[in-house]
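Visitor: Here's a structure for you.
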There are 2 protein chains.
Amino acid sequence: MNIPAKSVGDGDTSGKRTHDYRVSCGSCRLNTLCLPIALDSTEVERLDNIIQRGRPLQKGEHLYQEGVSFSAVYAVRSGAIKAYRVTDDGREQVTGFYFPGEILGMDGISKNAHACSARALETSAVCEIPFSALQELSVQMPDLQRHFFQLMSREITEDQQLITLLSKNTAEERIAALMLSISSRNARRKLSATQFRLPMSRIDIGNYLGLTVETVSRVFSRLQKLDILEVSNKEIKILDLDGLNEIANVHVGDDED
Amino acid sequence: MNIPAKSVGDGDTSGKRTHDYRVSCGSCRLNTLCLPIALDSTEVERLDNIIQRGRPLQKGEHLYQEGVSFSAVYAVRSGAIKAYRVTDDGREQVTGFYFPGEILGMDGISKNAHACSARALETSAVCEIPFSALQELSVQMPDLQRHFFQLMSREITEDQQLITLLSKNTAEERIAALMLSISSRNARRKLSATQFRLPMSRIDIGNYLGLTVETVSRVFSRLQKLDILEVSNKEIKILDLDGLNEIANVHVGDDED
DNA sequence: CAGCGCCATTGACATGCATCAAGCCCCCAG
DNA sequence: CTGGGGGCTTGATGCATGTCAATGGCGCTG
């Protein structure tokens, strides 16, 4: 709700879907972050032609569900999406949060079926990029192919960072790292790096970071007491970016020899 | 640098190292698991032409190091490779183990520099696949492009499985899952699914699974006491595959209501 | 064959986080 | 304005796993 999809805000659902959800890539504010990066204008136009833009997702609505057949990847235009999978014993594991300009769904390529589910954390607009068309286009546009390889590779390295975080770091370090990640992703979009509203619940944060809600809450309280964060429900203000970095960096050099 | 081009295989080296490192993809025992899958024979030949095969890596030798510029991905032909990154505070995080038929190095694509290091856990043979050539070939061979997308996607979903494991599961469950993973990867290569030698140390296992050596050791002892595994140093025999599966599956349905 | 060093095992103890439980805050509906 | 419910916070307690320490086993080297 704090990031209304441009052109969508009024008279959303019901019959008259004549609204232009059809922001083109060429005019999209995010085209320097998203897929079109590294393409020239005629290429962007061709990419634009394969992309589908639908009505925005309401909070809680699914973009896709684990197991359903894979046909497209998605770019977030506004709002926020969480991806999660359900473990064998029925618990949920959040695997990622996706913000405007970011692309999700690539996990589905390998088995031709989505390996996670994705749902909107708040009202969100999303561009659907049919994968078969993207593949064909990639064959014709090597820059696009390369860029998409890079996007997938980035997803891999980010997952590996999370693995490291989960495997080695304390609750405090994990929360600090997440806050910094959100901060820098905001900065990328020219939003405030020090003040933002978390779109996800404490439960989701804990789930993502391998912690319980209670621990998440306690860590926020502690960081507030240390004057590193100011936390008011979902509203976060980073008061001491250096301090936060220090915590996330596992206090390099804290120990003797 | 540590993988001399294939033209170097015979002739150059002193003595009788006339081994042909020049196994071609067409004749490679692993070609149904590896990159060539889904390609017809003329395509395999073209792929084969870009692949470099060097002398084997000795135990402990690096295949590539974090930070060095990225130029190729690698397929394991024999032996075993571990991938790891070094955290900000200098500790190591193992991010994966790679066995014959598996491909590593895709993390380097996004930044054009390797995001992890890779070193041989035992004497290993590796095929080097120059990435720029692979990209060009992919443009000409859509099946190859698709397959490579799938490989990257598989890496993503596997990382996500590890994330879930680290975030939700107990030490016992993690070890059980790793043993099962190795078991099924052995089976894929037509080796025994129930008896094998671990190429990695307890330290590496613990590091990979977010546990200390001591915990790994204790879990092995416990599983042995339960007659689920027979452990003799690195030699593992799975005595009760179902039992192991049950442990890894987090005892579905163990709790009331 | 002896000695050294690394890896693995085992035990005793410490601790960070989970669990359980209670209460509070905020938002929304009526 | 008032009541209810979900999400968040805070406290008390327990447990799984980390930490520290000692010992054992195996392979390598001279």
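The chains in the structure tokens are called A, B, ... from first to last as shown; in each chain the residues are counted from 1, and the ligands are counted from 1 in the order shown.
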DSSP on the backbone: which residues in segment 45-227 of chain A end up as alpha helix (DSSP H)? Give the answer as a PyMOL selection string.

Guide: chain A and resi 45-50+131-140+142-168+171-188+202-209+213-225

Visitor: I need the chain A residues near chain C as a ChimeraX atom specification; criterion: at most 10 Å, counting only C-alpha atoms (C1' of nucleotides).

Guide: /A:170-171,211-212,214-215,233

Visitor: Give me a file of those residues, with N, CA and C atoms, as a PDB file, in the first residue's frame.

Guide:
```
ATOM      1  N   THR A 170      24.865 -16.029  14.621  1.00  0.00           N
ATOM      2  CA  THR A 170      23.909 -15.945  15.718  1.00  0.00           C
ATOM      3  C   THR A 170      22.646 -15.221  15.272  1.00  0.00           C
ATOM      4  N   ALA A 171      21.660 -15.263  16.130  1.00  0.00           N
ATOM      5  CA  ALA A 171      20.386 -14.616  15.835  1.00  0.00           C
ATOM      6  C   ALA A 171      20.595 -13.138  15.514  1.00  0.00           C
ATOM      7  N   LEU A 211      14.815 -18.862  12.875  1.00  0.00           N
ATOM      8  CA  LEU A 211      14.643 -18.451  14.271  1.00  0.00           C
ATOM      9  C   LEU A 211      13.156 -18.473  14.620  1.00  0.00           C
ATOM     10  N   THR A 212      12.866 -18.452  15.897  1.00  0.00           N
ATOM     11  CA  THR A 212      11.461 -18.341  16.298  1.00  0.00           C
ATOM     12  C   THR A 212      11.058 -16.866  16.375  1.00  0.00           C
ATOM     13  N   GLU A 214       9.806 -15.332  18.799  1.00  0.00           N
ATOM     14  CA  GLU A 214      10.234 -14.751  20.070  1.00  0.00           C
ATOM     15  C   GLU A 214      11.671 -14.234  19.973  1.00  0.00           C
ATOM     16  N   THR A 215      12.519 -15.044  19.371  1.00  0.00           N
ATOM     17  CA  THR A 215      13.908 -14.618  19.241  1.00  0.00           C
ATOM     18  C   THR A 215      14.021 -13.371  18.371  1.00  0.00           C
ATOM     19  N   ASN A 233       6.876  -1.589  15.531  1.00  0.00           N
ATOM     20  CA  ASN A 233       6.146  -2.577  14.756  1.00  0.00           C
ATOM     21  C   ASN A 233       6.900  -2.855  13.454  1.00  0.00           C
TER      22      ASN A 233
END
```

Visitor: Could you list, as a list in words, every residue of chain D that has an atom within 12 Å of an atom of chain A, counting only C-alpha atoms (C1' of nucleotides)?

Guide: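 For chain D, the answer reads DG6, DG7, DC8, DT9, DT10, DG11 and DG18 of chain D.
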
Visitor: Output N, CA, C and O atoms (P, O5', C5', C4', C3', O3' and C1' of nucleotides) for every residue in that selection, as a CSV table (one decimal), in the first residue's frame.

Guide:
```csv
chain,number,residue,atom,x,y,z
D,6,DG,P,-7.4,-15.0,15.1
D,6,DG,O5',-6.1,-14.4,14.4
D,6,DG,C5',-6.3,-13.4,13.4
D,6,DG,C4',-5.1,-12.5,13.5
D,6,DG,C3',-3.8,-13.2,13.5
D,6,DG,O3',-2.9,-12.6,12.6
D,6,DG,C1',-4.0,-11.7,15.4
D,7,DG,P,-1.5,-13.2,12.3
D,7,DG,O5',-0.4,-12.1,12.8
D,7,DG,C5',-0.6,-10.8,12.5
D,7,DG,C4',0.2,-10.0,13.5
D,7,DG,C3',1.6,-10.5,13.7
D,7,DG,O3',2.4,-9.3,13.6
D,7,DG,C1',0.6,-10.3,15.8
D,8,DC,P,4.0,-9.4,13.6
D,8,DC,O5',4.5,-8.9,15.0
D,8,DC,C5',4.1,-7.6,15.4
D,8,DC,C4',4.3,-7.5,16.9
D,8,DC,C3',5.8,-7.9,17.3
D,8,DC,O3',6.4,-6.7,17.8
D,8,DC,C1',4.1,-8.8,18.8
D,9,DT,P,7.9,-6.8,18.3
D,9,DT,O5',7.7,-7.1,19.9
D,9,DT,C5',7.0,-6.1,20.7
D,9,DT,C4',6.9,-6.5,22.1
D,9,DT,C3',8.3,-6.9,22.8
D,9,DT,O3',8.4,-6.0,23.9
D,9,DT,C1',6.7,-8.6,23.2
D,10,DT,P,9.8,-5.8,24.6
D,10,DT,O5',9.7,-6.8,25.9
D,10,DT,C5',8.5,-6.8,26.7
D,10,DT,C4',8.5,-7.9,27.6
D,10,DT,C3',9.9,-8.4,28.2
D,10,DT,O3',9.8,-8.3,29.6
D,10,DT,C1',8.5,-10.2,27.5
D,11,DG,P,11.1,-8.6,30.5
D,11,DG,O5',10.8,-10.0,31.1
D,11,DG,C5',9.6,-10.1,31.9
D,11,DG,C4',9.4,-11.6,32.3
D,11,DG,C3',10.7,-12.3,32.8
D,11,DG,O3',10.4,-12.9,34.0
D,11,DG,C1',9.7,-13.6,31.1
D,18,DG,P,26.5,-27.6,17.0
D,18,DG,O5',27.3,-26.7,18.0
D,18,DG,C5',26.9,-25.3,18.1
D,18,DG,C4',27.6,-24.7,19.2
D,18,DG,C3',29.2,-24.7,19.1
D,18,DG,O3',29.7,-23.4,19.5
D,18,DG,C1',28.6,-25.8,21.1
```

Visitor: Just the number, please: Cα RMSD of chain A on chain B after least-squares superposition over all C-alpha atoms matched in order.

Guide: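 The optimal C-alpha superposition leaves an RMSD of 3.6 Å.
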
Visitor: Using only C-alpha atoms, pick whichever of B:Met152, B:Leu47, B:Ala133, B:Leu35 has the shortest atom-to-atom distance to chain A.

Guide: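 The closest residue to chain A is B:Met152.
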